[in-house]
>>> print(open('coords.pdb').read())   # PDB, C-alpha atoms, pLDDT in the B column
ATOM      1  CA  MET A   1      73.734 -60.976 -49.164  1.00 61.00           C
ATOM      2  CA  ALA A   2      72.635 -57.388 -49.291  1.00 80.00           C
ATOM      3  CA  ASP A   3      73.908 -54.804 -46.846  1.00 90.00           C
ATOM      4  CA  PRO A   4      71.854 -54.074 -43.736  1.00 94.00           C
ATOM      5  CA  MET A   5      69.100 -51.476 -43.791  1.00 96.00           C
ATOM      6  CA  ARG A   6      69.416 -48.327 -41.784  1.00 97.00           C
ATOM      7  CA  ILE A   7      66.238 -47.999 -39.752  1.00 98.00           C
ATOM      8  CA  ARG A   8      65.274 -45.269 -37.337  1.00 97.00           C
ATOM      9  CA  ALA A   9      62.118 -45.457 -35.243  1.00 98.00           C
ATOM     10  CA  ASN A  10      61.312 -42.560 -32.925  1.00 97.00           C
ATOM     11  CA  MET A  11      58.313 -41.667 -30.786  1.00 96.00           C
ATOM     12  CA  THR A  12      56.756 -38.362 -31.894  1.00 95.00           C
ATOM     13  CA  GLY A  13      53.776 -37.703 -29.658  1.00 94.00           C
ATOM     14  CA  ASP A  14      51.759 -40.932 -29.549  1.00 95.00           C
ATOM     15  CA  LYS A  15      53.075 -42.133 -32.897  1.00 97.00           C
ATOM     16  CA  VAL A  16      56.114 -44.027 -34.049  1.00 98.00           C
ATOM     17  CA  GLU A  17      57.919 -42.297 -36.889  1.00 98.00           C
ATOM     18  CA  VAL A  18      59.808 -44.815 -39.044  1.00 98.00           C
ATOM     19  CA  LYS A  19      62.500 -43.915 -41.548  1.00 98.00           C
ATOM     20  CA  ALA A  20      64.358 -46.611 -43.431  1.00 98.00           C
ATOM     21  CA  LEU A  21      67.104 -46.687 -46.023  1.00 98.00           C
ATOM     22  CA  MET A  22      67.632 -49.985 -47.829  1.00 97.00           C
ATOM     23  CA  ALA A  23      70.758 -50.944 -49.742  1.00 97.00           C
ATOM     24  CA  HIS A  24      69.620 -52.130 -53.177  1.00 97.00           C
ATOM     25  CA  GLU A  25      70.573 -51.477 -56.818  1.00 96.00           C
ATOM     26  CA  MET A  26      66.949 -51.181 -57.990  1.00 96.00           C
ATOM     27  CA  GLU A  27      68.045 -52.003 -61.542  1.00 96.00           C
ATOM     28  CA  THR A  28      65.193 -51.219 -63.950  1.00 94.00           C
ATOM     29  CA  GLY A  29      65.912 -53.679 -66.760  1.00 93.00           C
ATOM     30  CA  GLN A  30      65.844 -50.713 -69.166  1.00 91.00           C
ATOM     31  CA  ARG A  31      69.550 -49.946 -69.121  1.00 92.00           C
ATOM     32  CA  LYS A  32      72.312 -51.391 -71.295  1.00 91.00           C
ATOM     33  CA  ASP A  33      75.943 -52.041 -70.430  1.00 91.00           C
ATOM     34  CA  ALA A  34      78.925 -50.834 -72.508  1.00 93.00           C
ATOM     35  CA  LYS A  35      78.515 -53.774 -74.924  1.00 94.00           C
ATOM     36  CA  GLY A  36      74.863 -53.001 -75.542  1.00 92.00           C
ATOM     37  CA  ASN A  37      73.510 -55.908 -73.508  1.00 94.00           C
ATOM     38  CA  VAL A  38      70.446 -55.202 -71.402  1.00 94.00           C
ATOM     39  CA  ILE A  39      71.237 -55.200 -67.684  1.00 94.00           C
ATOM     40  CA  PRO A  40      68.593 -57.498 -66.181  1.00 95.00           C
ATOM     41  CA  ALA A  41      66.032 -55.981 -63.853  1.00 95.00           C
ATOM     42  CA  HIS A  42      66.797 -56.445 -60.173  1.00 96.00           C
ATOM     43  CA  PHE A  43      64.559 -54.600 -57.741  1.00 97.00           C
ATOM     44  CA  ILE A  44      62.702 -54.908 -54.447  1.00 97.00           C
ATOM     45  CA  GLN A  45      59.122 -56.035 -55.024  1.00 97.00           C
ATOM     46  CA  ASN A  46      57.721 -56.408 -51.521  1.00 97.00           C
ATOM     47  CA  VAL A  47      58.329 -54.607 -48.270  1.00 98.00           C
ATOM     48  CA  THR A  48      56.656 -55.496 -44.985  1.00 97.00           C
ATOM     49  CA  VAL A  49      57.006 -53.602 -41.720  1.00 98.00           C
ATOM     50  CA  THR A  50      55.857 -55.273 -38.517  1.00 97.00           C
ATOM     51  CA  HIS A  51      55.559 -54.242 -34.874  1.00 97.00           C
ATOM     52  CA  ASN A  52      54.628 -56.732 -32.130  1.00 94.00           C
ATOM     53  CA  GLY A  53      53.761 -59.307 -34.787  1.00 93.00           C
ATOM     54  CA  LYS A  54      51.328 -56.974 -36.535  1.00 96.00           C
ATOM     55  CA  THR A  55      51.885 -55.507 -40.001  1.00 97.00           C
ATOM     56  CA  VAL A  56      52.028 -51.718 -39.800  1.00 98.00           C
ATOM     57  CA  LEU A  57      52.822 -51.164 -43.485  1.00 98.00           C
ATOM     58  CA  SER A  58      53.180 -53.346 -46.538  1.00 97.00           C
ATOM     59  CA  ALA A  59      54.213 -52.242 -49.980  1.00 98.00           C
ATOM     60  CA  GLN A  60      54.618 -53.481 -53.531  1.00 98.00           C
ATOM     61  CA  TRP A  61      57.317 -51.711 -55.471  1.00 97.00           C
ATOM     62  CA  GLY A  62      58.219 -51.479 -59.129  1.00 97.00           C
ATOM     63  CA  PRO A  63      61.653 -50.879 -60.669  1.00 96.00           C
ATOM     64  CA  SER A  64      61.103 -47.091 -60.661  1.00 96.00           C
ATOM     65  CA  ILE A  65      61.726 -46.741 -56.939  1.00 97.00           C
ATOM     66  CA  SER A  66      65.114 -45.022 -56.593  1.00 97.00           C
ATOM     67  CA  LYS A  67      68.338 -46.911 -55.944  1.00 97.00           C
ATOM     68  CA  ASN A  68      68.888 -47.483 -52.208  1.00 97.00           C
ATOM     69  CA  PRO A  69      65.177 -46.988 -51.448  1.00 98.00           C
ATOM     70  CA  PHE A  70      63.957 -44.635 -48.756  1.00 98.00           C
ATOM     71  CA  LEU A  71      60.747 -45.080 -46.817  1.00 98.00           C
ATOM     72  CA  HIS A  72      59.092 -42.835 -44.234  1.00 98.00           C
ATOM     73  CA  PHE A  73      55.751 -43.400 -42.450  1.00 98.00           C
ATOM     74  CA  ARG A  74      54.051 -43.239 -39.031  1.00 98.00           C
ATOM     75  CA  PHE A  75      51.924 -45.596 -36.967  1.00 98.00           C
ATOM     76  CA  LYS A  76      50.095 -45.616 -33.647  1.00 97.00           C
ATOM     77  CA  GLY A  77      50.328 -48.155 -30.851  1.00 95.00           C
ATOM     78  CA  GLY A  78      54.082 -48.431 -30.370  1.00 96.00           C
ATOM     79  CA  LYS A  79      56.154 -47.666 -27.286  1.00 96.00           C
ATOM     80  CA  ALA A  80      59.799 -46.770 -26.740  1.00 97.00           C
ATOM     81  CA  GLY A  81      61.924 -49.902 -26.326  1.00 97.00           C
ATOM     82  CA  GLU A  82      59.760 -52.057 -28.613  1.00 97.00           C
ATOM     83  CA  LYS A  83      60.995 -53.303 -31.957  1.00 97.00           C
ATOM     84  CA  VAL A  84      60.097 -52.449 -35.542  1.00 98.00           C
ATOM     85  CA  THR A  85      61.043 -55.082 -38.139  1.00 98.00           C
ATOM     86  CA  ILE A  86      61.359 -54.519 -41.879  1.00 98.00           C
ATOM     87  CA  THR A  87      61.649 -57.263 -44.499  1.00 97.00           C
ATOM     88  CA  TRP A  88      62.131 -56.823 -48.221  1.00 97.00           C
ATOM     89  CA  THR A  89      62.041 -59.402 -51.013  1.00 97.00           C
ATOM     90  CA  ASP A  90      63.312 -58.682 -54.516  1.00 96.00           C
ATOM     91  CA  ASN A  91      62.433 -60.094 -57.945  1.00 96.00           C
ATOM     92  CA  LYS A  92      65.262 -62.640 -57.711  1.00 95.00           C
ATOM     93  CA  GLY A  93      63.900 -63.969 -54.445  1.00 94.00           C
ATOM     94  CA  GLU A  94      66.616 -62.402 -52.294  1.00 95.00           C
ATOM     95  CA  LYS A  95      65.492 -61.294 -48.864  1.00 95.00           C
ATOM     96  CA  ARG A  96      66.701 -59.106 -46.066  1.00 96.00           C
ATOM     97  CA  THR A  97      65.236 -58.494 -42.588  1.00 97.00           C
ATOM     98  CA  ASP A  98      66.437 -55.875 -40.102  1.00 97.00           C
ATOM     99  CA  GLU A  99      65.006 -54.400 -36.948  1.00 97.00           C
ATOM    100  CA  ALA A 100      65.317 -51.255 -34.887  1.00 97.00           C
ATOM    101  CA  THR A 101      64.353 -50.360 -31.339  1.00 97.00           C
ATOM    102  CA  ILE A 102      61.870 -47.516 -30.945  1.00 97.00           C
ATOM    103  CA  ALA A 103      63.587 -44.544 -29.296  1.00 95.00           C
ATOM    104  CA  GLY A 104      61.775 -42.254 -26.876  1.00 89.00           C
ATOM    105  CA  GLY A 105      60.534 -38.858 -28.138  1.00 68.00           C
TER     106      GLY A 105
ATOM    107  CA  MET B   1      32.651 -68.517 -55.751  1.00 45.00           C
ATOM    108  CA  ASP B   2      31.803 -72.122 -54.952  1.00 52.00           C
ATOM    109  CA  ALA B   3      30.112 -72.635 -58.305  1.00 54.00           C
ATOM    110  CA  THR B   4      33.166 -71.372 -60.168  1.00 57.00           C
ATOM    111  CA  ARG B   5      35.364 -73.665 -58.154  1.00 54.00           C
ATOM    112  CA  ARG B   6      33.210 -76.653 -59.039  1.00 52.00           C
ATOM    113  CA  GLU B   7      33.355 -75.790 -62.733  1.00 53.00           C
ATOM    114  CA  LEU B   8      37.084 -75.526 -62.452  1.00 49.00           C
ATOM    115  CA  LEU B   9      37.372 -78.900 -60.757  1.00 49.00           C
ATOM    116  CA  LYS B  10      35.335 -80.470 -63.553  1.00 51.00           C
ATOM    117  CA  ALA B  11      37.420 -78.772 -66.234  1.00 47.00           C
ATOM    118  CA  GLY B  12      40.213 -81.289 -66.529  1.00 46.00           C
ATOM    119  CA  SER B  13      43.413 -82.699 -65.137  1.00 48.00           C
ATOM    120  CA  GLY B  14      45.295 -81.185 -62.204  1.00 50.00           C
ATOM    121  CA  ALA B  15      47.938 -79.474 -64.289  1.00 51.00           C
ATOM    122  CA  SER B  16      45.502 -77.688 -66.552  1.00 52.00           C
ATOM    123  CA  ILE B  17      43.411 -76.579 -63.595  1.00 50.00           C
ATOM    124  CA  LEU B  18      46.473 -75.065 -62.039  1.00 50.00           C
ATOM    125  CA  ALA B  19      47.453 -73.347 -65.287  1.00 54.00           C
ATOM    126  CA  LEU B  20      43.916 -71.990 -65.654  1.00 51.00           C
ATOM    127  CA  ALA B  21      43.867 -70.715 -62.111  1.00 51.00           C
ATOM    128  CA  VAL B  22      47.227 -69.013 -62.547  1.00 51.00           C
ATOM    129  CA  ALA B  23      46.066 -67.458 -65.817  1.00 52.00           C
ATOM    130  CA  ALA B  24      42.886 -66.210 -64.196  1.00 51.00           C
ATOM    131  CA  GLY B  25      44.906 -64.703 -61.377  1.00 49.00           C
ATOM    132  CA  TRP B  26      43.272 -66.800 -58.647  1.00 50.00           C
ATOM    133  CA  ILE B  27      46.498 -68.491 -57.752  1.00 48.00           C
ATOM    134  CA  LYS B  28      49.681 -66.491 -57.989  1.00 45.00           C
ATOM    135  CA  PRO B  29      53.018 -68.092 -58.865  1.00 47.00           C
ATOM    136  CA  ALA B  30      55.076 -68.604 -55.731  1.00 43.00           C
ATOM    137  CA  HIS B  31      57.943 -66.298 -56.707  1.00 44.00           C
ATOM    138  CA  ALA B  32      55.641 -63.281 -56.862  1.00 47.00           C
ATOM    139  CA  ALA B  33      53.615 -63.957 -53.742  1.00 57.00           C
ATOM    140  CA  ASP B  34      52.014 -60.539 -53.403  1.00 86.00           C
ATOM    141  CA  TRP B  35      53.134 -58.609 -56.415  1.00 94.00           C
ATOM    142  CA  ASN B  36      50.472 -57.257 -58.740  1.00 96.00           C
ATOM    143  CA  LYS B  37      52.180 -57.830 -62.104  1.00 95.00           C
ATOM    144  CA  ALA B  38      49.182 -56.582 -64.090  1.00 95.00           C
ATOM    145  CA  ALA B  39      49.218 -53.273 -62.238  1.00 96.00           C
ATOM    146  CA  PHE B  40      52.959 -52.804 -62.754  1.00 96.00           C
ATOM    147  CA  ASP B  41      52.586 -53.691 -66.462  1.00 95.00           C
ATOM    148  CA  SER B  42      49.837 -51.112 -67.038  1.00 94.00           C
ATOM    149  CA  LYS B  43      50.748 -48.142 -69.212  1.00 93.00           C
ATOM    150  CA  ALA B  44      47.837 -45.763 -68.614  1.00 94.00           C
ATOM    151  CA  PHE B  45      46.310 -44.276 -65.477  1.00 95.00           C
ATOM    152  CA  ALA B  46      42.845 -45.794 -66.015  1.00 95.00           C
ATOM    153  CA  ASP B  47      44.327 -49.261 -66.674  1.00 95.00           C
ATOM    154  CA  THR B  48      46.478 -49.059 -63.562  1.00 96.00           C
ATOM    155  CA  VAL B  49      43.475 -48.068 -61.437  1.00 96.00           C
ATOM    156  CA  LYS B  50      41.602 -51.060 -62.871  1.00 96.00           C
ATOM    157  CA  ALA B  51      44.494 -53.446 -62.208  1.00 96.00           C
ATOM    158  CA  LEU B  52      44.617 -52.185 -58.621  1.00 95.00           C
ATOM    159  CA  GLY B  53      40.956 -53.097 -58.232  1.00 95.00           C
ATOM    160  CA  GLY B  54      39.134 -49.819 -58.910  1.00 94.00           C
ATOM    161  CA  GLY B  55      36.440 -49.102 -61.482  1.00 93.00           C
ATOM    162  CA  GLY B  56      37.561 -45.498 -61.762  1.00 95.00           C
ATOM    163  CA  SER B  57      38.894 -42.670 -59.687  1.00 96.00           C
ATOM    164  CA  THR B  58      37.736 -39.183 -58.669  1.00 97.00           C
ATOM    165  CA  GLU B  59      40.114 -36.282 -58.199  1.00 97.00           C
ATOM    166  CA  SER B  60      40.100 -35.167 -54.564  1.00 97.00           C
ATOM    167  CA  ALA B  61      41.656 -32.230 -52.712  1.00 97.00           C
ATOM    168  CA  GLN B  62      41.896 -34.564 -49.706  1.00 97.00           C
ATOM    169  CA  VAL B  63      44.738 -36.383 -51.462  1.00 98.00           C
ATOM    170  CA  ARG B  64      47.898 -34.315 -51.294  1.00 98.00           C
ATOM    171  CA  ILE B  65      51.190 -34.816 -53.111  1.00 98.00           C
ATOM    172  CA  ASN B  66      54.191 -33.169 -51.559  1.00 98.00           C
ATOM    173  CA  ALA B  67      57.014 -33.157 -54.100  1.00 97.00           C
ATOM    174  CA  PRO B  68      59.296 -30.636 -55.760  1.00 96.00           C
ATOM    175  CA  ASP B  69      58.015 -28.700 -58.818  1.00 96.00           C
ATOM    176  CA  ILE B  70      61.356 -29.193 -60.493  1.00 95.00           C
ATOM    177  CA  ALA B  71      63.552 -32.240 -59.915  1.00 94.00           C
ATOM    178  CA  GLU B  72      67.150 -31.563 -60.822  1.00 88.00           C
ATOM    179  CA  ASN B  73      68.011 -35.248 -60.666  1.00 92.00           C
ATOM    180  CA  GLY B  74      65.384 -37.606 -62.075  1.00 93.00           C
ATOM    181  CA  ALA B  75      67.098 -40.563 -60.414  1.00 94.00           C
ATOM    182  CA  VAL B  76      65.995 -39.434 -56.964  1.00 96.00           C
ATOM    183  CA  VAL B  77      62.697 -37.547 -56.720  1.00 97.00           C
ATOM    184  CA  PRO B  78      61.249 -37.406 -53.201  1.00 97.00           C
ATOM    185  CA  ILE B  79      57.483 -37.910 -53.205  1.00 98.00           C
ATOM    186  CA  SER B  80      55.250 -37.712 -50.184  1.00 98.00           C
ATOM    187  CA  VAL B  81      51.540 -38.564 -50.260  1.00 98.00           C
ATOM    188  CA  GLU B  82      49.025 -37.805 -47.551  1.00 98.00           C
ATOM    189  CA  SER B  83      45.321 -38.588 -47.516  1.00 98.00           C
ATOM    190  CA  GLY B  84      42.752 -36.766 -45.402  1.00 97.00           C
ATOM    191  CA  LEU B  85      40.069 -39.260 -46.394  1.00 97.00           C
ATOM    192  CA  PRO B  86      38.614 -41.426 -43.626  1.00 96.00           C
ATOM    193  CA  ARG B  87      39.452 -45.149 -43.815  1.00 96.00           C
ATOM    194  CA  THR B  88      42.330 -44.794 -46.255  1.00 97.00           C
ATOM    195  CA  GLN B  89      43.361 -48.353 -47.167  1.00 97.00           C
ATOM    196  CA  THR B  90      45.970 -47.987 -49.883  1.00 97.00           C
ATOM    197  CA  ILE B  91      48.199 -45.293 -51.365  1.00 98.00           C
ATOM    198  CA  ALA B  92      49.762 -45.767 -54.804  1.00 98.00           C
ATOM    199  CA  ILE B  93      52.266 -43.564 -56.629  1.00 98.00           C
ATOM    200  CA  MET B  94      52.367 -43.414 -60.440  1.00 98.00           C
ATOM    201  CA  VAL B  95      54.629 -41.562 -62.844  1.00 97.00           C
ATOM    202  CA  GLU B  96      52.792 -41.184 -66.157  1.00 96.00           C
ATOM    203  CA  LYS B  97      55.776 -41.107 -68.521  1.00 95.00           C
ATOM    204  CA  ASN B  98      57.887 -43.815 -66.899  1.00 94.00           C
ATOM    205  CA  PRO B  99      58.270 -47.160 -68.746  1.00 92.00           C
ATOM    206  CA  THR B 100      56.635 -48.702 -65.674  1.00 91.00           C
ATOM    207  CA  MET B 101      53.930 -46.238 -64.674  1.00 95.00           C
ATOM    208  CA  LEU B 102      53.213 -47.646 -61.226  1.00 97.00           C
ATOM    209  CA  SER B 103      56.067 -46.987 -58.813  1.00 97.00           C
ATOM    210  CA  ALA B 104      54.630 -48.202 -55.546  1.00 98.00           C
ATOM    211  CA  SER B 105      51.481 -49.344 -53.837  1.00 98.00           C
ATOM    212  CA  PHE B 106      51.261 -49.217 -50.042  1.00 98.00           C
ATOM    213  CA  ASP B 107      48.700 -50.981 -47.855  1.00 97.00           C
ATOM    214  CA  ILE B 108      47.799 -48.824 -44.883  1.00 97.00           C
ATOM    215  CA  PRO B 109      46.473 -50.750 -41.854  1.00 97.00           C
ATOM    216  CA  GLU B 110      44.068 -49.081 -39.425  1.00 94.00           C
ATOM    217  CA  ASN B 111      46.628 -47.766 -36.944  1.00 95.00           C
ATOM    218  CA  THR B 112      48.998 -46.392 -39.561  1.00 97.00           C
ATOM    219  CA  ASP B 113      48.754 -42.772 -40.741  1.00 97.00           C
ATOM    220  CA  ALA B 114      47.555 -42.243 -44.299  1.00 98.00           C
ATOM    221  CA  PHE B 115      50.944 -40.824 -45.126  1.00 98.00           C
ATOM    222  CA  VAL B 116      53.988 -42.203 -46.880  1.00 98.00           C
ATOM    223  CA  THR B 117      57.207 -40.804 -48.337  1.00 98.00           C
ATOM    224  CA  THR B 118      59.578 -42.491 -50.745  1.00 98.00           C
ATOM    225  CA  ARG B 119      61.885 -41.597 -53.627  1.00 98.00           C
ATOM    226  CA  VAL B 120      61.212 -42.467 -57.262  1.00 97.00           C
ATOM    227  CA  LYS B 121      63.026 -42.358 -60.572  1.00 96.00           C
ATOM    228  CA  MET B 122      61.570 -40.192 -63.332  1.00 95.00           C
ATOM    229  CA  ALA B 123      62.572 -40.672 -66.966  1.00 91.00           C
ATOM    230  CA  GLU B 124      61.379 -37.206 -67.997  1.00 93.00           C
ATOM    231  CA  THR B 125      59.042 -34.362 -67.042  1.00 95.00           C
ATOM    232  CA  SER B 126      55.743 -36.016 -66.218  1.00 96.00           C
ATOM    233  CA  LYS B 127      52.508 -35.967 -64.314  1.00 97.00           C
ATOM    234  CA  VAL B 128      52.712 -37.834 -61.031  1.00 97.00           C
ATOM    235  CA  TYR B 129      49.521 -39.386 -59.651  1.00 98.00           C
ATOM    236  CA  ALA B 130      48.727 -40.345 -56.099  1.00 98.00           C
ATOM    237  CA  LEU B 131      45.893 -42.858 -55.992  1.00 98.00           C
ATOM    238  CA  VAL B 132      44.141 -43.504 -52.698  1.00 98.00           C
ATOM    239  CA  LYS B 133      41.633 -46.200 -51.872  1.00 97.00           C
ATOM    240  CA  ALA B 134      39.459 -45.001 -49.010  1.00 97.00           C
ATOM    241  CA  ASP B 135      36.418 -46.852 -47.706  1.00 96.00           C
ATOM    242  CA  GLY B 136      36.452 -48.967 -50.879  1.00 95.00           C
ATOM    243  CA  LYS B 137      36.435 -45.992 -53.287  1.00 97.00           C
ATOM    244  CA  TYR B 138      39.279 -44.570 -55.342  1.00 98.00           C
ATOM    245  CA  PHE B 139      40.482 -40.953 -55.321  1.00 98.00           C
ATOM    246  CA  HIS B 140      43.517 -39.261 -56.773  1.00 97.00           C
ATOM    247  CA  ALA B 141      45.625 -36.147 -56.996  1.00 98.00           C
ATOM    248  CA  VAL B 142      47.972 -35.188 -59.790  1.00 98.00           C
ATOM    249  CA  LYS B 143      51.033 -32.957 -59.941  1.00 98.00           C
ATOM    250  CA  GLU B 144      53.426 -32.209 -62.775  1.00 97.00           C
ATOM    251  CA  ILE B 145      57.115 -32.500 -61.925  1.00 97.00           C
ATOM    252  CA  LYS B 146      59.696 -31.083 -64.294  1.00 95.00           C
ATOM    253  CA  VAL B 147      62.844 -33.140 -64.652  1.00 94.00           C
ATOM    254  CA  THR B 148      66.108 -31.569 -65.781  1.00 88.00           C
ATOM    255  CA  ILE B 149      68.156 -34.791 -65.983  1.00 75.00           C
ATOM    256  CA  GLY B 150      66.269 -38.069 -66.518  1.00 66.00           C
ATOM    257  CA  GLY B 151      66.788 -40.935 -64.124  1.00 65.00           C
ATOM    258  CA  CYS B 152      66.132 -44.043 -66.183  1.00 61.00           C
ATOM    259  CA  GLY B 153      68.712 -43.769 -68.959  1.00 55.00           C
ATOM    260  CA  GLY B 154      72.249 -45.120 -69.114  1.00 43.00           C
TER     261      GLY B 154
END
>>> encode(input="coords.pdb", output="structure tokens")
Amino acid sequence: MADPMRIRANMTGDKVEVKALMAHEMETGQRKDAKGNVIPAHFIQNVTVTHNGKTVLSAQWGPSISKNPFLHFRFKGGKAGEKVTITWTDNKGEKRTDEATIAGG
Amino acid sequence: MDATRRELLKAGSGASILALAVAAGWIKPAHAADWNKAAFDSKAFADTVKALGGGGSTESAQVRINAPDIAENGAVVPISVESGLPRTQTIAIMVEKNPTMLSASFDIPENTDAFVTTRVKMAETSKVYALVKADGKYFHAVKEIKVTIGGCGG
């Protein structure tokens, strides 16, 4: 099981500012190990961010997103105390969901 | 749509229908529920735009890429894209000289700002494209980022 994400959600004006750091190798499938064998690709393919049951951002990623991916975006309609939930799924079918409480601005 | 479906149903046994539908991209294999393999396999800008559903793209000053001119470490290049175009629906980031050109494609719902920041790997100095779908049309911006140490090697 992958390590938890670090998620911060803060009110800035009337918007919720979300910053997330996910723990993932994001292996490209292009690299070789010391013996010359290709290291198989292993990367996050889908990311979904929800708030009050509604999707506020969804993404499809390729292997060229950096290791331990970072994501930053903003949305309207959230309030301090509510939750923001992020789920990722990788190309091996592994999944991880974490949530954060929106902090006041 | 209905007519095509009927033709499909007439075409043959269940298994072959399913195979056909998967091949045609109407039904996606379960393990890649919402992952646009064709777009991530594309090697050129125009092909990627096509795979993402666009007929072509116009360069627009309303699409802005905020990224360093020189990236000292190609493994971690921060890229921020903002669109000033009304009804921005998607934002995609592409690195021309990467083995996989498309890095990310974001769907932007109505109440979400047309703004996103992430970090990408860059194999070498390359043009970086930001492609935006706004009100059904495609627009882009391009910026060259110089890389001192590549981020996709061993």
>>> interface_residues(input="coords.pdb", of="chain B", to="chain A", cutoff="9 Å", atoms="all atoms listed in the file", output="PyMOL selection string")
chain B and resi 31-36+40+75-78+80+95+98-122+151-154
>>> closest_atom_pairs(input="coords.pdb", of="region 59-107 of chain B", to="region 143-147 of chain B", cutoff="8 Å", atoms="only C-alpha atoms", output="JSON lines")
{"residue": "B:Ile65", "atom": "CA", "partner": "B:Lys143", "partner_atom": "CA", "distance": 7.1}
{"residue": "B:Ala67", "atom": "CA", "partner": "B:Ile145", "partner_atom": "CA", "distance": 7.9}
{"residue": "B:Pro68", "atom": "CA", "partner": "B:Ile145", "partner_atom": "CA", "distance": 6.8}
{"residue": "B:Asp69", "atom": "CA", "partner": "B:Ile145", "partner_atom": "CA", "distance": 5.0}
{"residue": "B:Ile70", "atom": "CA", "partner": "B:Lys146", "partner_atom": "CA", "distance": 4.6}
{"residue": "B:Ala71", "atom": "CA", "partner": "B:Val147", "partner_atom": "CA", "distance": 4.9}
{"residue": "B:Glu72", "atom": "CA", "partner": "B:Val147", "partner_atom": "CA", "distance": 6.0}
{"residue": "B:Asn73", "atom": "CA", "partner": "B:Val147", "partner_atom": "CA", "distance": 6.9}
{"residue": "B:Gly74", "atom": "CA", "partner": "B:Val147", "partner_atom": "CA", "distance": 5.7}
>>> atom_distance(input="coords.pdb", atom1="CA of Ala41 (chain A)", atom2="CA of Thr48 (chain B)")
20.7 Å
>>> closest_residue(input="coords.pdb", among="B:Thr125, B:Ser57, B:Thr148, B:Asn66", to="Val81 (chain B)", atoms="all atoms listed in the file")
B:Asn66
>>> residues_around(input="coords.pdb", residues="His140 (chain B)", least_positions_apart="4", cutoff="12 Å", atoms="only C-alpha atoms", output="ChimeraX atom specification")
/B:45-46,49,54,56-65,81-85,88,90-94,128-134
>>> closest_residue(input="coords.pdb", among="A:Lys95, A:His24, A:His51, A:Lys35", to="Lys83 (chain A)", atoms="only C-alpha atoms")
A:His51
>>> closest_residue(input="coords.pdb", among="A:Val49, A:Gly36, A:Glu94, A:Gly81", to="Ile7 (chain A)", atoms="all atoms listed in the file")
A:Val49
>>> atom_distance(input="coords.pdb", atom1="CA of Arg87 (chain B)", atom2="CA of Asp98 (chain A)")
29.3 Å
>>> axis_aligned_box(input="coords.pdb", around="region 61-80 of chain A", padding_each_side="3 Å", output="AutoDock Vina command-line options")
--center_x 59.5 --center_y -47.3 --center_z -43.7 --size_x 24.8 --size_y 14.9 --size_z 39.9
>>> atom_distance(input="coords.pdb", atom1="CA of Asp14 (chain A)", atom2="CA of Asn52 (chain A)")
16.3 Å
